[in-house]
file query_25.txt (compact mmCIF, C-alpha atoms)
# COMPACT_ATOMS: atom_id res chain seq x y z
CA MET A 1 -18.99 8.83 -6.98
CA ILE A 2 -15.94 7.28 -5.35
CA ARG A 3 -13.05 7.34 -7.80
CA VAL A 4 -9.94 5.37 -6.92
CA ALA A 5 -6.82 4.94 -9.05
CA VAL A 6 -3.34 3.49 -8.63
CA GLN A 7 -1.11 4.51 -11.53
CA PRO A 8 2.52 4.82 -12.64
CA GLU A 9 1.67 7.89 -14.73
CA ALA A 10 1.93 11.44 -13.35
CA ILE A 11 -1.24 12.54 -11.52
CA ASP A 12 -3.17 15.07 -13.60
CA ILE A 13 -4.68 17.32 -10.91
CA ALA A 14 -6.67 19.46 -13.37
CA GLY A 15 -8.03 16.35 -15.09
CA GLU A 16 -9.00 14.83 -11.73
CA LEU A 17 -10.83 18.02 -10.75
CA ASP A 18 -12.81 17.80 -14.01
CA LEU A 19 -13.73 14.15 -13.32
CA HIS A 20 -14.81 14.91 -9.75
CA ASP A 21 -18.50 15.74 -9.69
CA ALA A 22 -19.28 17.52 -6.43
CA GLY A 23 -22.96 17.38 -7.38
CA GLY A 24 -23.61 20.98 -6.50
CA HIS A 25 -22.51 20.47 -2.90
CA GLY A 26 -20.76 23.34 -1.22
CA ALA A 27 -17.43 22.13 0.08
CA SER A 28 -14.45 20.36 -1.49
CA ALA A 29 -11.29 19.72 0.53
CA SER A 30 -8.15 18.41 -1.12
CA PHE A 31 -4.68 17.20 -0.24
CA ILE A 32 -1.70 16.94 -2.56
CA GLY A 33 1.26 14.91 -1.33
CA ARG A 34 4.59 15.46 -3.08
CA VAL A 35 7.91 13.63 -2.95
CA ARG A 36 10.27 15.43 -0.55
CA GLY A 37 13.91 15.86 -1.52
CA ASP A 38 15.19 15.43 2.05
CA GLY A 39 18.77 14.25 2.56
CA ASP A 40 19.75 14.38 -1.12
CA LEU A 41 17.00 11.97 -2.15
CA VAL A 42 17.10 11.51 -5.92
CA GLU A 43 14.41 8.85 -6.41
CA LEU A 44 11.44 7.52 -4.50
CA PHE A 45 10.16 4.18 -5.74
CA LEU A 46 6.79 2.88 -4.57
CA ASP A 47 6.15 -0.86 -4.85
CA HIS A 48 2.52 -2.01 -4.83
CA HIS A 49 0.33 -5.09 -5.14
CA PRO A 50 -1.57 -5.11 -8.46
CA ALA A 51 -4.94 -5.94 -6.85
CA MET A 52 -4.66 -5.31 -3.11
CA THR A 53 -3.35 -1.73 -3.28
CA GLU A 54 -6.33 -0.48 -5.26
CA ALA A 55 -8.74 -2.57 -3.16
CA GLY A 56 -7.25 -1.01 -0.02
CA LEU A 57 -7.81 2.49 -1.39
CA ALA A 58 -11.40 1.61 -2.29
CA ASP A 59 -11.98 0.24 1.24
CA LEU A 60 -10.66 3.50 2.72
CA GLY A 61 -12.92 5.50 0.41
CA HIS A 62 -15.97 3.51 1.50
CA ALA A 63 -14.97 3.86 5.16
CA ALA A 64 -14.85 7.65 4.72
CA ALA A 65 -18.20 7.65 2.91
CA ASP A 66 -19.75 5.62 5.77
CA ARG A 67 -18.45 8.09 8.31
CA TRP A 68 -19.20 11.46 6.68
CA ARG A 69 -21.78 12.71 4.20
CA LEU A 70 -19.72 12.83 1.04
CA ALA A 71 -21.03 13.87 -2.35
CA ALA A 72 -17.91 12.67 -4.13
CA LEU A 73 -14.48 11.32 -3.34
CA THR A 74 -11.32 11.05 -5.44
CA LEU A 75 -8.30 9.07 -4.27
CA VAL A 76 -5.40 8.75 -6.70
CA HIS A 77 -2.04 7.23 -5.78
CA ARG A 78 1.02 7.13 -7.94
CA VAL A 79 3.38 4.12 -7.86
CA GLY A 80 6.75 3.32 -9.42
CA ALA A 81 9.71 5.68 -9.72
CA MET A 82 9.34 9.36 -8.80
CA VAL A 83 11.64 12.32 -8.25
CA PRO A 84 11.41 15.13 -5.66
CA GLY A 85 8.51 17.45 -6.39
CA ASP A 86 6.38 14.80 -8.13
CA THR A 87 2.82 14.43 -6.90
CA ILE A 88 2.53 11.08 -5.13
CA VAL A 89 -1.05 11.26 -3.87
CA PHE A 90 -4.16 13.34 -4.51
CA VAL A 91 -7.19 13.30 -2.23
CA LEU A 92 -10.35 15.28 -2.95
CA ALA A 93 -13.48 15.04 -0.80
CA SER A 94 -16.72 16.92 -1.41
CA SER A 95 -19.54 17.33 1.05
CA PRO A 96 -22.44 19.67 1.76
CA HIS A 97 -20.35 21.04 4.66
CA ARG A 98 -16.71 22.05 4.96
CA ALA A 99 -16.11 20.34 8.31
CA GLU A 100 -17.01 16.95 6.85
CA ALA A 101 -14.98 17.47 3.67
CA LEU A 102 -11.91 18.49 5.70
CA ALA A 103 -12.31 15.66 8.23
CA ALA A 104 -12.71 13.05 5.49
CA CYS A 105 -9.60 14.36 3.73
CA GLU A 106 -7.49 14.19 6.89
CA PHE A 107 -8.81 10.71 7.74
CA LEU A 108 -7.87 9.44 4.30
CA ILE A 109 -4.35 10.89 4.43
CA ASP A 110 -3.67 9.40 7.87
CA ARG A 111 -5.01 5.96 7.03
CA LEU A 112 -3.19 5.83 3.69
CA LYS A 113 0.04 5.63 5.68
CA THR A 114 -0.85 2.41 7.44
CA ASP A 115 -3.70 0.67 5.63
CA VAL A 116 -2.62 0.55 2.00
CA MET A 117 -0.23 -1.94 0.41
CA LEU A 118 2.59 0.36 -0.56
CA TRP A 119 6.31 0.10 0.12
CA LYS A 120 8.76 2.98 -0.27
CA ARG A 121 12.34 2.66 -1.47
CA GLU A 122 14.61 5.72 -1.34
CA THR A 123 17.69 6.30 -3.50
CA PHE A 124 20.13 9.04 -2.49
CA ALA A 125 22.69 11.07 -4.44
CA ASP A 126 25.60 9.11 -2.91
CA GLY A 127 24.14 5.84 -4.23
CA ARG A 128 22.57 4.57 -1.00
CA VAL A 129 19.32 2.64 -1.55
CA GLU A 130 17.06 2.01 1.45
CA TRP A 131 13.60 0.54 1.95
CA VAL A 132 11.70 2.74 4.39
CA GLU A 133 10.76 1.20 7.73
CA PRO A 134 7.24 1.73 9.14
CA ARG A 135 7.01 4.84 11.34
CA GLU A 136 5.37 4.69 14.74
CA GLY A 137 4.15 8.28 14.36
CA ASP A 138 2.13 7.23 11.30
CA GLN A 139 0.58 4.37 13.26
CA GLY A 140 -0.42 6.77 16.04
CA ARG A 141 -2.03 9.21 13.62
CA ALA A 142 -3.97 6.43 11.91
CA GLU A 143 -5.14 4.99 15.24
CA ARG A 144 -6.71 8.33 16.21
CA TRP A 145 -9.45 7.37 13.77
CA ALA A 146 -10.25 4.01 15.38
CA GLU A 147 -13.95 3.49 16.00
CA ARG A 148 -14.91 4.93 19.36
CA MET B 1 -0.27 -28.34 -3.69
CA VAL B 2 0.48 -25.93 -6.54
CA MET B 3 0.23 -22.21 -5.77
CA ASP B 4 1.57 -18.85 -6.91
CA ILE B 5 3.88 -17.05 -4.51
CA ALA B 6 4.35 -13.30 -5.04
CA TYR B 7 7.05 -11.21 -3.38
CA PHE B 8 7.11 -7.47 -2.73
CA ALA B 9 9.57 -4.73 -1.73
CA TRP B 10 12.86 -6.01 -0.25
CA VAL B 11 11.52 -9.56 -0.14
CA ARG B 12 11.20 -9.41 -3.94
CA GLU B 13 14.69 -7.93 -4.31
CA ARG B 14 16.27 -10.58 -2.08
CA MET B 15 14.43 -13.40 -3.86
CA GLY B 16 15.48 -11.96 -7.20
CA ILE B 17 12.03 -12.65 -8.70
CA ALA B 18 8.57 -11.08 -8.42
CA ASP B 19 6.63 -14.33 -8.34
CA GLU B 20 6.84 -18.06 -8.95
CA THR B 21 4.59 -21.07 -9.11
CA ILE B 22 5.54 -23.70 -6.56
CA ASP B 23 4.38 -27.23 -5.92
CA VAL B 24 4.51 -26.97 -2.14
CA PRO B 25 5.42 -30.30 -0.51
CA ALA B 26 2.77 -32.11 1.49
CA GLY B 27 3.23 -31.32 5.17
CA ILE B 28 3.72 -27.58 4.60
CA ALA B 29 0.36 -26.76 6.12
CA ASP B 30 0.39 -23.05 6.88
CA VAL B 31 1.98 -19.71 5.98
CA GLY B 32 4.58 -19.93 8.75
CA ALA B 33 5.71 -23.37 7.52
CA LEU B 34 5.87 -22.07 3.93
CA ILE B 35 8.13 -19.19 5.01
CA ALA B 36 10.40 -21.60 6.90
CA TRP B 37 10.49 -23.92 3.87
CA LEU B 38 11.42 -21.05 1.53
CA ALA B 39 14.15 -19.94 3.96
CA ALA B 40 15.63 -23.46 3.91
CA ARG B 41 15.25 -23.99 0.13
CA ASP B 42 18.15 -21.86 -1.12
CA ALA B 43 20.47 -18.93 -0.38
CA ARG B 44 18.03 -16.32 -1.71
CA GLY B 45 15.24 -17.65 0.47
CA ALA B 46 17.58 -17.69 3.47
CA LEU B 47 18.34 -14.01 2.84
CA ALA B 48 14.74 -12.95 2.27
CA PHE B 49 13.25 -14.87 5.18
CA ALA B 50 16.04 -14.66 7.77
CA GLU B 51 13.70 -12.67 10.05
CA PRO B 52 10.23 -14.26 9.80
CA HIS B 53 8.77 -11.75 12.30
CA ARG B 54 9.36 -8.99 9.70
CA ILE B 55 7.31 -10.82 7.06
CA ARG B 56 3.60 -10.22 6.44
CA ALA B 57 1.36 -12.41 4.27
CA ALA B 58 -1.80 -12.18 2.25
CA ILE B 59 -3.69 -15.19 0.93
CA ASP B 60 -5.76 -14.55 -2.20
CA GLY B 61 -5.87 -10.84 -1.42
CA VAL B 62 -6.59 -11.04 2.32
CA MET B 63 -4.07 -10.34 5.09
CA MET B 64 -3.38 -13.49 7.13
CA GLY B 65 -1.25 -14.57 10.07
CA PRO B 66 1.44 -17.28 10.06
CA ASP B 67 -1.00 -19.98 11.15
CA ALA B 68 -3.31 -19.45 8.14
CA PRO B 69 -3.80 -22.81 6.35
CA LEU B 70 -2.71 -23.26 2.73
CA VAL B 71 -5.48 -25.63 1.62
CA GLY B 72 -7.14 -24.48 -1.62
CA VAL B 73 -4.98 -21.35 -1.85
CA ARG B 74 -4.24 -19.80 -5.27
CA GLU B 75 -1.83 -16.99 -4.35
CA VAL B 76 0.30 -16.28 -1.31
CA ALA B 77 1.86 -12.80 -1.19
CA LEU B 78 4.86 -12.31 1.11
CA PHE B 79 6.16 -8.84 1.99
CA PRO B 80 7.52 -6.53 4.72
CA PRO B 81 5.20 -4.31 6.79
CA VAL B 82 3.76 -1.60 4.54
CA THR B 83 5.25 1.89 4.66
CA GLY B 84 2.27 3.77 3.28
CA GLY B 85 1.59 6.44 0.74

call {"tool": "encode", "arguments": {"input": "query_25.txt", "output": "structure tokens"}}
result
Amino acid sequence: MIRVAVQPEAIDIAGELDLHDAGGHGASASFIGRVRGDGDLVELFLDHHPAMTEAGLADLGHAAADRWRLAALTLVHRVGAMVPGDTIVFVLASSPHRAEALAACEFLIDRLKTDVMLWKRETFADGRVEWVEPREGDQGRAERWAER
Amino acid sequence: MVMDIAYFAWVRERMGIADETIDVPAGIADVGALIAWLAARDARGALAFAEPHRIRAAIDGVMMGPDAPLVGVREVALFPPVTGG
């Protein structure tokens, strides 16, 4: 019931909803991350490791399933070249209760930023190309979820 | 000691290749020594590995530090810190 995918193709949200079997449980929480067009960004390219990126997503999915009662979990990440507005990540967590579905969704989004083998490269309208540096704010948000 | 070396993100761009198979000389015992050897090998390596503290490594799919030994290794991946999804 944990579905994980890393793909260069556009994420088909409707298709993913069809594949996601909430098993009759009451609550599904989702997150859709899209490419922002800040600062005249024209392309976002995401580099990934062919095996480790997907394994990292699967590990995160299992960590969420260990922590909350989840009926089903979908975690799809796009890689390669994208333009502003494209869906880059889709998270969908289903649980008997809304609090657990929402918490699992937020956990997964925060940890995606620091735990998964992905590297962002931004291309701007004036031709500048920059690899994104890790952000300390992301690290802080991910660390909130450390085992207590 | 023959192994595959894979590069990612700006390390890949600076090396100009995504991966290569290298017969690593005897005496290059760990990841840190491999990075230093690549930096000394040619101009591309010097560019990619000028700042070893900015390089992370994974051996056969597992994140490792610079003192991780290379014995029996199939693939070493070298890359900058991840920037997330």

call {"tool": "closest_residue", "arguments": {"input": "query_25.txt", "among": "B:Glu51, B:Asp60, B:Asp67, B:Glu20", "to": "chain A", "atoms": "all atoms listed in the file"}}
result
B:Asp60

call {"tool": "interface_residues", "arguments": {"input": "query_25.txt", "of": "chain B", "to": "chain A", "cutoff": "12 Å", "atoms": "only C-alpha atoms", "output": "PyMOL selection string"}}
result
chain B and resi 6-13+18-19+54+56-63+75-85

call {"tool": "atom_distance", "arguments": {"input": "query_25.txt", "atom1": "CA of Asp42 in chain B", "atom2": "CA of Val2 in chain B"}}
result
18.9 Å

call {"tool": "axis_aligned_box", "arguments": {"input": "query_25.txt", "around": "range 39-54 of chain B", "padding_each_side": "8 Å", "output": "lines of an AutoDock Vina configuration file"}}
result
center_x = 14.6
center_y = -16.5
center_z = 5.3
size_x = 27.7
size_y = 31.0
size_z = 30.0

call {"tool": "closest_residue", "arguments": {"input": "query_25.txt", "among": "B:Val24, B:Ala29, B:Ile17, B:Met3", "to": "Ala68 in chain B", "atoms": "all atoms listed in the file"}}
result
B:Ala29

call {"tool": "residues_near_point", "arguments": {"input": "query_25.txt", "point": "(22.8, 9.3, 1.2)", "cutoff": "12 Å", "atoms": "only C-alpha atoms", "output": "PyMOL selection string"}}
result
chain A and resi 37-43+122-130

call {"tool": "atom_distance", "arguments": {"input": "query_25.txt", "atom1": "CA of Ala101 in chain A", "atom2": "CA of Pro84 in chain A"}}
result
28.1 Å

call {"tool": "closest_residue", "arguments": {"input": "query_25.txt", "among": "A:Ile32, A:Arg67, A:His62, A:Phe90", "to": "Ala5 in chain A", "atoms": "all atoms listed in the file"}}
result
A:Phe90

call {"tool": "atom_distance", "arguments": {"input": "query_25.txt", "atom1": "CA of Val71 in chain B", "atom2": "CA of Ile5 in chain B"}}
result
14.1 Å

call {"tool": "decode", "arguments": {"input": "query_25.txt", "residues": "chain B", "atoms": "C-alpha atoms", "output": "CSV table (one decimal), in the first residue's frame"}}
result
chain,number,residue,atom,x,y,z
B,1,MET,CA,41.0,-2.3,-7.7
B,2,VAL,CA,38.4,-1.7,-10.5
B,3,MET,CA,35.3,0.2,-9.5
B,4,ASP,CA,32.6,2.4,-11.1
B,5,ILE,CA,32.6,6.1,-10.0
B,6,ALA,CA,29.4,8.0,-10.6
B,7,TYR,CA,29.1,11.8,-10.4
B,8,PHE,CA,26.0,13.9,-9.7
B,9,ALA,CA,24.9,17.6,-10.0
B,10,TRP,CA,27.7,20.1,-10.4
B,11,VAL,CA,30.3,17.4,-9.7
B,12,ARG,CA,29.0,15.6,-12.9
B,13,GLU,CA,29.1,18.9,-14.9
B,14,ARG,CA,32.6,19.7,-13.8
B,15,MET,CA,33.9,16.2,-14.5
B,16,GLY,CA,32.1,16.3,-17.9
B,17,ILE,CA,30.9,12.7,-17.5
B,18,ALA,CA,28.2,10.9,-15.5
B,19,ASP,CA,30.3,7.9,-14.6
B,20,GLU,CA,33.5,6.0,-15.4
B,21,THR,CA,35.2,2.7,-14.5
B,22,ILE,CA,38.5,3.3,-12.9
B,23,ASP,CA,41.3,0.9,-11.9
B,24,VAL,CA,42.1,2.7,-8.6
B,25,PRO,CA,45.9,2.5,-7.8
B,26,ALA,CA,46.9,0.4,-4.8
B,27,GLY,CA,47.4,2.6,-1.8
B,28,ILE,CA,44.1,4.6,-2.4
B,29,ALA,CA,42.5,3.0,0.6
B,30,ASP,CA,39.4,5.2,1.4
B,31,VAL,CA,36.9,7.7,-0.1
B,32,GLY,CA,38.9,10.7,1.0
B,33,ALA,CA,42.1,9.4,-0.7
B,34,LEU,CA,40.0,8.6,-3.9
B,35,ILE,CA,38.7,12.2,-3.9
B,36,ALA,CA,42.3,13.6,-3.5
B,37,TRP,CA,43.5,11.3,-6.3
B,38,LEU,CA,40.8,12.4,-8.6
B,39,ALA,CA,41.6,16.1,-7.8
B,40,ALA,CA,45.2,15.5,-8.7
B,41,ARG,CA,44.5,13.4,-11.9
B,42,ASP,CA,43.5,16.1,-14.3
B,43,ALA,CA,42.1,19.6,-14.7
B,44,ARG,CA,38.5,18.5,-14.5
B,45,GLY,CA,39.1,16.6,-11.3
B,46,ALA,CA,40.9,19.6,-9.9
B,47,LEU,CA,37.8,21.7,-10.7
B,48,ALA,CA,35.2,19.2,-9.3
B,49,PHE,CA,37.1,18.3,-6.1
B,50,ALA,CA,38.7,21.7,-5.3
B,51,GLU,CA,36.6,21.8,-2.1
B,52,PRO,CA,36.5,18.2,-0.6
B,53,HIS,CA,34.4,19.4,2.4
B,54,ARG,CA,31.6,20.1,-0.1
B,55,ILE,CA,31.6,16.5,-1.4
B,56,ARG,CA,29.4,13.7,-0.1
B,57,ALA,CA,29.8,10.0,-1.0
B,58,ALA,CA,27.8,6.9,-1.2
B,59,ILE,CA,29.3,3.4,-1.5
B,60,ASP,CA,27.1,0.8,-3.2
B,61,GLY,CA,24.0,2.9,-2.3
B,62,VAL,CA,24.9,3.7,1.3
B,63,MET,CA,26.0,7.2,2.5
B,64,MET,CA,29.6,7.0,3.8
B,65,GLY,CA,32.2,9.4,5.3
B,66,PRO,CA,35.7,10.1,3.8
B,67,ASP,CA,37.3,7.4,5.9
B,68,ALA,CA,35.1,4.6,4.4
B,69,PRO,CA,37.4,1.9,3.0
B,70,LEU,CA,37.3,1.0,-0.7
B,71,VAL,CA,37.9,-2.8,-0.4
B,72,GLY,CA,35.4,-4.8,-2.4
B,73,VAL,CA,33.4,-1.7,-3.5
B,74,ARG,CA,31.5,-1.8,-6.8
B,75,GLU,CA,30.2,1.8,-7.1
B,76,VAL,CA,31.3,5.0,-5.5
B,77,ALA,CA,28.9,7.9,-6.0
B,78,LEU,CA,30.3,11.4,-5.5
B,79,PHE,CA,28.1,14.5,-5.2
B,80,PRO,CA,27.3,17.8,-3.4
B,81,PRO,CA,25.0,17.9,-0.4
B,82,VAL,CA,21.5,17.2,-1.6
B,83,THR,CA,19.0,20.1,-2.0
B,84,GLY,CA,15.8,18.2,-1.7
B,85,GLY,CA,12.5,17.9,-3.5
